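See below for the structure under consideration.
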Amino acid sequence: QVQLVESGGGLVQTGGSLRLSCAASGILFSIFDMGWYRQAPGKERELVAHIRNAGSTNYAESVKGRFTISRDNAKSTVYLQMNSLKPEDTAVYYCNANPIGLKYDYWGQGTQLTVSS
């Protein structure tokens, strides 16, 4: 059974930092591309950051320079370090796992981030 379990969300003030974690189980983590998405109330889910199995990364323009995605294959975990947080970063953050070359993926249950102004 595949599980992606996010953690680390919460309430933080503008300018603060937080790190999200997503622990995967039931998959061969090293062959999966991993991503963080977010969905704010009334908005569509959007890609925040993505890391390929080999380690290359890409980011949404809105978070470049502030967020860093990383992965630890030994722990089957992907992280999202978020710095200089803004109220517009408030959303539910979801972890996504996509096996390389295949057209299906898995989602976590989401973790809420609220940035107060």
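We name chains A, B, ... following the order of the structure tokens; residues begin at 1 in each chain, and ligands are numbered from 1 as shown.
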
- Task: Would you list, as a list of chain:residue names, the residues of chain A that end up in helix (DSSP H, G or I) under DSSP run on this structure's backbone?
- Result: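 Residues meeting the helix (DSSP H, G or I) criterion: A:Phe29, A:Ser30, A:Ile31, A:Glu61, A:Ser62, A:Val63, A:Asn73, A:Ala74, A:Lys75, A:Pro87, A:Glu88, A:Asp89.
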
Extract, using only C-alpha atoms, all DNA, RNA and protein residues at most 12 Å from Met82 of chain A, discarding same-chain residues fewer than 6 positions from it, and format them as a PDB file with C-alpha atoms, in the first residue's frame.
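File part-v1.pdb, as written:
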ATOM      1  CA  GLY A   8       5.400  20.158   9.323  1.00  0.00           C
ATOM      2  CA  GLY A   9       2.601  22.519   8.443  1.00  0.00           C
ATOM      3  CA  VAL A  12       3.810  31.084  11.047  1.00  0.00           C
ATOM      4  CA  THR A  14       5.206  36.701   7.707  1.00  0.00           C
ATOM      5  CA  GLY A  15       8.921  36.386   7.131  1.00  0.00           C
ATOM      6  CA  GLY A  16       9.159  33.171   9.069  1.00  0.00           C
ATOM      7  CA  SER A  17      10.392  29.753   8.019  1.00  0.00           C
ATOM      8  CA  LEU A  18       9.037  26.253   8.090  1.00  0.00           C
ATOM      9  CA  ARG A  19      10.046  22.879   6.729  1.00  0.00           C
ATOM     10  CA  LEU A  20       7.583  20.392   5.329  1.00  0.00           C
ATOM     11  CA  SER A  21       8.350  16.702   5.147  1.00  0.00           C
ATOM     12  CA  TRP A  36       5.133  19.714  -3.714  1.00  0.00           C
ATOM     13  CA  VAL A  48       5.376  24.659  -6.030  1.00  0.00           C
ATOM     14  CA  ALA A  49       8.563  22.663  -6.459  1.00  0.00           C
ATOM     15  CA  SER A  62       6.536  32.790  -6.939  1.00  0.00           C
ATOM     16  CA  VAL A  63       8.763  30.750  -4.621  1.00  0.00           C
ATOM     17  CA  LYS A  64      12.140  30.887  -6.365  1.00  0.00           C
ATOM     18  CA  GLY A  65      14.842  32.011  -3.993  1.00  0.00           C
ATOM     19  CA  ARG A  66      12.654  31.368  -0.952  1.00  0.00           C
ATOM     20  CA  PHE A  67      11.811  27.655  -1.085  1.00  0.00           C
ATOM     21  CA  THR A  68      14.150  24.708  -1.441  1.00  0.00           C
ATOM     22  CA  ILE A  69      13.108  21.164  -2.258  1.00  0.00           C
ATOM     23  CA  SER A  70      15.360  18.267  -1.336  1.00  0.00           C
ATOM     24  CA  ASP A  89       1.855  31.192   0.642  1.00  0.00           C
ATOM     25  CA  THR A  90      -1.100  30.176   2.794  1.00  0.00           C
ATOM     26  CA  TYR A  93       0.468  21.697   0.672  1.00  0.00           C
ATOM     27  CA  LEU A 113       0.276  26.191   6.092  1.00  0.00           C
ATOM     28  CA  VAL A 115       1.076  32.606   7.156  1.00  0.00           C
TER      29      VAL A 115
END

- Item | DSSP strand (DSSP E) selection over segment 22-103 of chain A, as a VMD selection string | chain A and resid 22 to 25 32 to 39 46 to 51 57 to 59 67 to 72 77 to 82 91 to 99

Residues of the last selection are to be written out with N, CA and C atoms, as a short mmCIF file (atom, residue, chain, number, x, y, z; two decimals), in the first residue's frame.
data_model
loop_
_atom_site.label_atom_id
_atom_site.label_comp_id
_atom_site.auth_asym_id
_atom_site.auth_seq_id
_atom_site.Cartn_x
_atom_site.Cartn_y
_atom_site.Cartn_z
N CYS A 22 7.67 14.94 3.69
CA CYS A 22 6.75 13.95 3.12
C CYS A 22 7.46 12.60 3.15
N ALA A 23 6.96 11.73 3.99
CA ALA A 23 7.54 10.39 4.11
C ALA A 23 6.75 9.42 3.25
N ALA A 24 7.45 8.72 2.38
CA ALA A 24 6.81 7.78 1.47
C ALA A 24 7.04 6.35 1.93
N SER A 25 6.04 5.53 1.71
CA SER A 25 6.18 4.10 1.97
C SER A 25 5.41 3.34 0.90
N PHE A 32 11.25 7.55 -8.17
CA PHE A 32 10.13 8.47 -8.27
C PHE A 32 10.60 9.92 -8.33
N ASP A 33 9.98 10.68 -9.24
CA ASP A 33 10.08 12.13 -9.17
C ASP A 33 9.09 12.59 -8.10
N MET A 34 9.50 13.59 -7.34
CA MET A 34 8.66 14.05 -6.24
C MET A 34 8.33 15.52 -6.39
N GLY A 35 7.16 15.89 -5.96
CA GLY A 35 6.77 17.28 -6.07
C GLY A 35 5.97 17.75 -4.88
N TRP A 36 6.01 19.05 -4.68
CA TRP A 36 5.13 19.71 -3.71
C TRP A 36 4.18 20.62 -4.49
N TYR A 37 2.91 20.47 -4.20
CA TYR A 37 1.88 21.30 -4.78
C TYR A 37 1.17 22.02 -3.64
N ARG A 38 0.41 23.05 -4.00
CA ARG A 38 -0.39 23.71 -2.99
C ARG A 38 -1.72 24.16 -3.59
N GLN A 39 -2.69 24.27 -2.70
CA GLN A 39 -4.01 24.73 -3.13
C GLN A 39 -4.56 25.69 -2.08
N GLU A 46 -1.58 24.08 -7.59
CA GLU A 46 -0.47 24.50 -8.42
C GLU A 46 0.83 23.86 -7.95
N LEU A 47 1.72 23.66 -8.90
CA LEU A 47 3.03 23.12 -8.58
C LEU A 47 3.86 24.18 -7.87
N VAL A 48 4.48 23.78 -6.78
CA VAL A 48 5.38 24.66 -6.03
C VAL A 48 6.83 24.35 -6.35
N ALA A 49 7.17 23.08 -6.24
CA ALA A 49 8.56 22.66 -6.46
C ALA A 49 8.57 21.19 -6.85
N HIS A 50 9.59 20.83 -7.62
CA HIS A 50 9.68 19.48 -8.15
C HIS A 50 11.13 19.04 -8.12
N ILE A 51 11.33 17.79 -7.76
CA ILE A 51 12.69 17.25 -7.78
C ILE A 51 12.67 15.88 -8.46
N THR A 57 16.03 20.06 -9.95
CA THR A 57 14.88 20.72 -9.34
C THR A 57 14.32 21.82 -10.22
N ASN A 58 13.07 22.13 -10.01
CA ASN A 58 12.49 23.33 -10.60
C ASN A 58 11.42 23.87 -9.65
N TYR A 59 11.18 25.16 -9.78
CA TYR A 59 10.31 25.86 -8.83
C TYR A 59 9.34 26.78 -9.56
N PHE A 67 12.08 29.06 -1.41
CA PHE A 67 11.81 27.66 -1.08
C PHE A 67 12.91 26.77 -1.66
N THR A 68 13.18 25.69 -0.96
CA THR A 68 14.15 24.71 -1.44
C THR A 68 13.59 23.31 -1.25
N ILE A 69 13.54 22.55 -2.34
CA ILE A 69 13.11 21.16 -2.26
C ILE A 69 14.33 20.27 -2.22
N SER A 70 14.26 19.22 -1.41
CA SER A 70 15.36 18.27 -1.34
C SER A 70 14.78 16.89 -1.04
N ARG A 71 15.61 15.89 -1.20
CA ARG A 71 15.15 14.54 -0.94
C ARG A 71 16.25 13.73 -0.27
N ASP A 72 15.82 12.78 0.53
CA ASP A 72 16.72 11.83 1.17
C ASP A 72 16.23 10.45 0.79
N THR A 77 12.12 10.24 1.90
CA THR A 77 11.47 11.47 2.34
C THR A 77 11.89 12.63 1.44
N VAL A 78 10.91 13.48 1.16
CA VAL A 78 11.17 14.70 0.43
C VAL A 78 10.81 15.87 1.35
N TYR A 79 11.58 16.93 1.23
CA TYR A 79 11.42 18.08 2.11
C TYR A 79 11.14 19.33 1.30
N LEU A 80 10.51 20.29 1.94
CA LEU A 80 10.35 21.61 1.35
C LEU A 80 10.70 22.63 2.44
N GLN A 81 11.87 23.23 2.29
CA GLN A 81 12.26 24.29 3.21
C GLN A 81 11.70 25.60 2.68
N MET A 82 10.93 26.27 3.52
CA MET A 82 10.26 27.50 3.10
C MET A 82 10.74 28.65 3.98
N ALA A 91 -1.86 27.97 2.20
CA ALA A 91 -2.51 26.96 1.36
C ALA A 91 -2.38 25.60 2.04
N VAL A 92 -3.06 24.63 1.48
CA VAL A 92 -2.79 23.24 1.83
C VAL A 92 -1.71 22.75 0.88
N TYR A 93 -0.66 22.18 1.45
CA TYR A 93 0.47 21.70 0.67
C TYR A 93 0.39 20.18 0.54
N TYR A 94 0.51 19.72 -0.69
CA TYR A 94 0.40 18.30 -0.99
C TYR A 94 1.70 17.76 -1.56
N CYS A 95 2.01 16.56 -1.18
CA CYS A 95 3.15 15.83 -1.71
C CYS A 95 2.67 14.95 -2.87
N ASN A 96 3.49 14.88 -3.91
CA ASN A 96 3.15 14.08 -5.09
C ASN A 96 4.32 13.20 -5.47
N ALA A 97 4.02 11.98 -5.86
CA ALA A 97 5.06 11.04 -6.28
C ALA A 97 4.70 10.46 -7.64
N ASN A 98 5.62 10.57 -8.57
CA ASN A 98 5.38 10.11 -9.94
C ASN A 98 6.55 9.23 -10.37
N PRO A 99 6.29 7.95 -10.69
CA PRO A 99 7.40 7.11 -11.14
C PRO A 99 7.89 7.58 -12.50
#

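With only C-alpha atoms as the atoms that count, the residue of A:Val2, A:Ile31, A:Leu85, A:Leu11 with the shortest distance to Asn53 of chain A is A:Ile31.
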
- Message: As an exercise, work out the distance from atom CA of Trp107 of chain A to atom CA of Glu6 of chain A in Å and give it to one decimal place.
- Response: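 Taking atom CA of Trp107 of chain A and atom CA of Glu6 of chain A, their separation equals 9.8 Å.
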
- Task: In Å, rounded to a single decimal, give me how far atom CA of Ser117 of chain A is from atom CA of Lys86 of chain A.
- Result: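 Those two atoms sit 7.6 Å apart.
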
- How many Å lie between atom CA of Glu88 of chain A and atom CA of Glu61 of chain A, rounded to one decimal?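 Interatomic distance here is 13.3 Å.
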